[in-house]
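Participant: This is the structure I want to talk about, given as structure tokens.
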Amino acid sequence: MKEENKKVQILEFEKPIYKIQNKIEELKKTSADTNINYDSEIKKLEEQTKIYKKELYEKLEPYQKLQIARHPQRPNFLDYVHFICDEFIELHGDRHGFDDKAIVGGIASIEGEPVILIGTMKGKTTKENLDYNFGMPQPQGYRKALRLFEHANRFNLPIITLIDTMGAYPGMKAEEAGQGEAIATNLKEMAKLEVPTIAVVTGEGCSGGALGLAVSNKVMILEHAYYTVISPEGCASILWKDSSMARTATDALKITAEDLLEYGIVDEVIKEPTGGAHYNAQEMAKNLKASLTNALREFKGMTKEEIRDQRYSKFRAMGVFAN
């Protein structure tokens with residue numbers, strides 16, 4: 001992944017960094033062609049780049065974080081499976097005749113610990129995104145996830161969900177097939193599970209489409225991911241009848257990892273590599289794996305009743321009242 005950094009799609013607010021880096025490359029080439037020593041100039045520019053990068057990514061605005069969370073090269077579910085699992089056996093189908101590719105799940109082993117691992121799946125090309133429906137699950141996807149939840153409960157396996165979705169698919173066929181009922185059933189059944197459940201928002205965590213996989217004992221989020229009841233564009237369209245007000249809506253919704261941690265919606269923020277997970281998927285997966293193994297360790301020795309009660313208490317405690 002590190003070798004591919006030069007091919008990373010640059011976001012608008014990152015362009016000043018790459019202007020400096022291009023200048024460094026030009027000086028290096030000129031130095032090689034003319035035998036003129038530009039080492040001091042190159043060193044100064046490299047230091048400047050390092051400082052600017054650090055300041056930029058430490059002080060990102062919510063809308064800039066939103067852009068990173070939606071980056072098309074951000075690691076997807078199967079990337080994380082590749083890096084964090086010792087073994088992964090995918091299980092298909094909802095047992096009602098359908099198999100939604102937007103939700104992938106199966107039996108996995110992480111550091112020798114058997115778990116049920118489920119996640120929303122996005123593609124990185126147009127073809128892949130069409131295949132995975134841009135990571136927007138349909139009812140059969142939530143029913144497949146429910147089947148795997150029940151399997152985990154039956155065999156006493158912890159559940160891990162990785163969430164990156166702009167929301168459940170809003171098409172007419174999905175509504176006709178019971179989209180709302182499928183999500184509502186997952187919310188109810190996840191609340192009753194007797195095994196530890198850990199949810200991680202890895203990119204976009206939007207609306208009930210995300211919550212249908214996130215009623216968990218522990219909810220974590222990547223540093224530049226977001227989790228919200230509605231997309232900023234949707235919020236802007238409702239409140240101001242103007243989707244171009246999305247930047248204002250992003251600020252108002254308090255959807256960043258820092259805000260969510262402060263309000264008790266998430267329990268942990270997982271650090272990303274400088275610039276975002278897409279700059280170094282392997283490092284990101286290493287950080288994610290460490291947080292998951294620590295979280296799994298927290299629930300060792302807890303009874304089924306304690307696990308269920310802890311999850312119930314966690315969600316009952318959510319909410320901030322302001323005068």
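Each chain of the structure tokens is named A, B, ... in the order shown, its residues numbered from 1; ligands are numbered from 1 in display order.
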Go through stretch 174-231 of chain A residue by residue and, counting only C-alpha atoms, keep those with an atom at most 6 Å from stretch 146-167 of chain A; for each kept residue give the shortest atom pair and its distance in Å to one decimal, ordered by chain and increasing number, as a tab-separated table.
Facilitator:
```
residue	atom	partner	partner_atom	distance
A:Val195	CA	A:Pro158	CA	5.5
A:Pro196	CA	A:Pro158	CA	5.0
A:Thr197	CA	A:Ile159	CA	4.7
A:Ile198	CA	A:Ile160	CA	4.8
A:Ala199	CA	A:Thr161	CA	4.7
A:Val200	CA	A:Leu162	CA	4.9
A:Val201	CA	A:Ile163	CA	4.7
A:Thr202	CA	A:Asp164	CA	5.6
A:Gly203	CA	A:Asp164	CA	4.7
A:Glu204	CA	A:Asp164	CA	4.6
A:Gly205	CA	A:Thr165	CA	5.6
A:Cys206	CA	A:Gly167	CA	5.0
A:Ser207	CA	A:Gly167	CA	5.7
A:Gly209	CA	A:Gly167	CA	4.4
```
Participant: Determine, counting only C-alpha atoms, which protein, DNA and RNA residues have an atom within 6 Å of an atom of stretch 220-224 of chain A; residues of the same chain fewer than 3 positions away are not included. Present the result as a PDB file with C-alpha atoms, in the first residue's frame.
Facilitator:
```
ATOM      1  CA  LYS A  65     -13.264  14.403   7.676  1.00  0.00           C
ATOM      2  CA  ALA A  69     -14.488   8.873   5.245  1.00  0.00           C
ATOM      3  CA  VAL A 200     -16.767  -0.629  14.236  1.00  0.00           C
ATOM      4  CA  VAL A 201     -17.697   2.235  11.905  1.00  0.00           C
ATOM      5  CA  THR A 202     -14.834   2.149   9.397  1.00  0.00           C
ATOM      6  CA  ALA A 257     -15.431  10.610  15.987  1.00  0.00           C
ATOM      7  CA  VAL A 266     -19.141   5.486  20.636  1.00  0.00           C
ATOM      8  CA  ASP A 267     -16.794   3.961  23.175  1.00  0.00           C
ATOM      9  CA  GLU A 268     -13.441   4.235  21.402  1.00  0.00           C
ATOM     10  CA  VAL A 269     -11.782   6.086  18.530  1.00  0.00           C
ATOM     11  CA  ILE A 270      -9.228   4.065  16.553  1.00  0.00           C
ATOM     12  CA  LYS A 271      -6.333   6.117  15.193  1.00  0.00           C
ATOM     13  CA  GLU A 272      -5.771   6.230  11.434  1.00  0.00           C
TER      14      GLU A 272
END
```
Participant: Have a look at A:Lys192, A:Arg95, A:Lys218, A:Arg247 and name the one nearest to A:Glu305; count only C-alpha atoms.
Facilitator: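 Using only C-alpha atoms, the shortest distance to A:Glu305 belongs to A:Lys192.
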Participant: List the neighbours of A:Ser31 out to 12 Å using only C-alpha atoms; skip same-chain residues closer than 6 positions along the sequence, and give me the result as a PyMOL selection string.
Facilitator: chain A and resi 24-25+37-42
Participant: Could you give me, as a VMD selection string, the residues within 12 Å of A:Gly171, counting only C-alpha atoms and dropping anything in the same chain fewer than 3 positions from it?
Facilitator: chain A and resid 133 136 to 139 167 to 168 174 to 180
Participant: Show me, as a VMD selection string, the residues that have an atom within 10 Å of A:Asp86 when counting only C-alpha atoms, minus same-chain residues fewer than 6 positions from it.
Facilitator: chain A and resid 108 to 114
Participant: Can you pull out every residue within 8 Å of A:Lys122, counting only C-alpha atoms, but drop anything in the same chain fewer than 2 positions away, and send it as a VMD selection string?
Facilitator: chain A and resid 76 to 77 102 120 124 128 to 129 132 to 135 164 to 165
Participant: I'd like to know which residues of stretch 71-286 of chain A are alpha helix (DSSP H) (by DSSP, run on the backbone); could you write them as a ChimeraX atom specification?
Facilitator: /A:77-84,126-131,139-154,172-176,179-192,207-211,232-239,246-253,257-262,281-286
Participant: What does the structure give for the distance between atom CA of A:Gly212 and atom CA of A:Met190, in Å to one decimal?
Facilitator: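 Atom CA of A:Met190 lies at a distance of 8.5 Å from atom CA of A:Gly212.
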Participant: When distances are computed from only C-alpha atoms, which of A:Arg308, A:His82, A:Arg316, A:Lys54 shows the smallest separation from A:Lys286?
Facilitator: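 Looking at the shortest contact to A:Lys286, the residue is A:His82.
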Participant: One number please: atom CA of A:Gly264 to atom CA of A:Asp251, in Å, one decimal.
Facilitator: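 According to the coordinates, atom CA of A:Gly264 and atom CA of A:Asp251 are separated by 17.9 Å.
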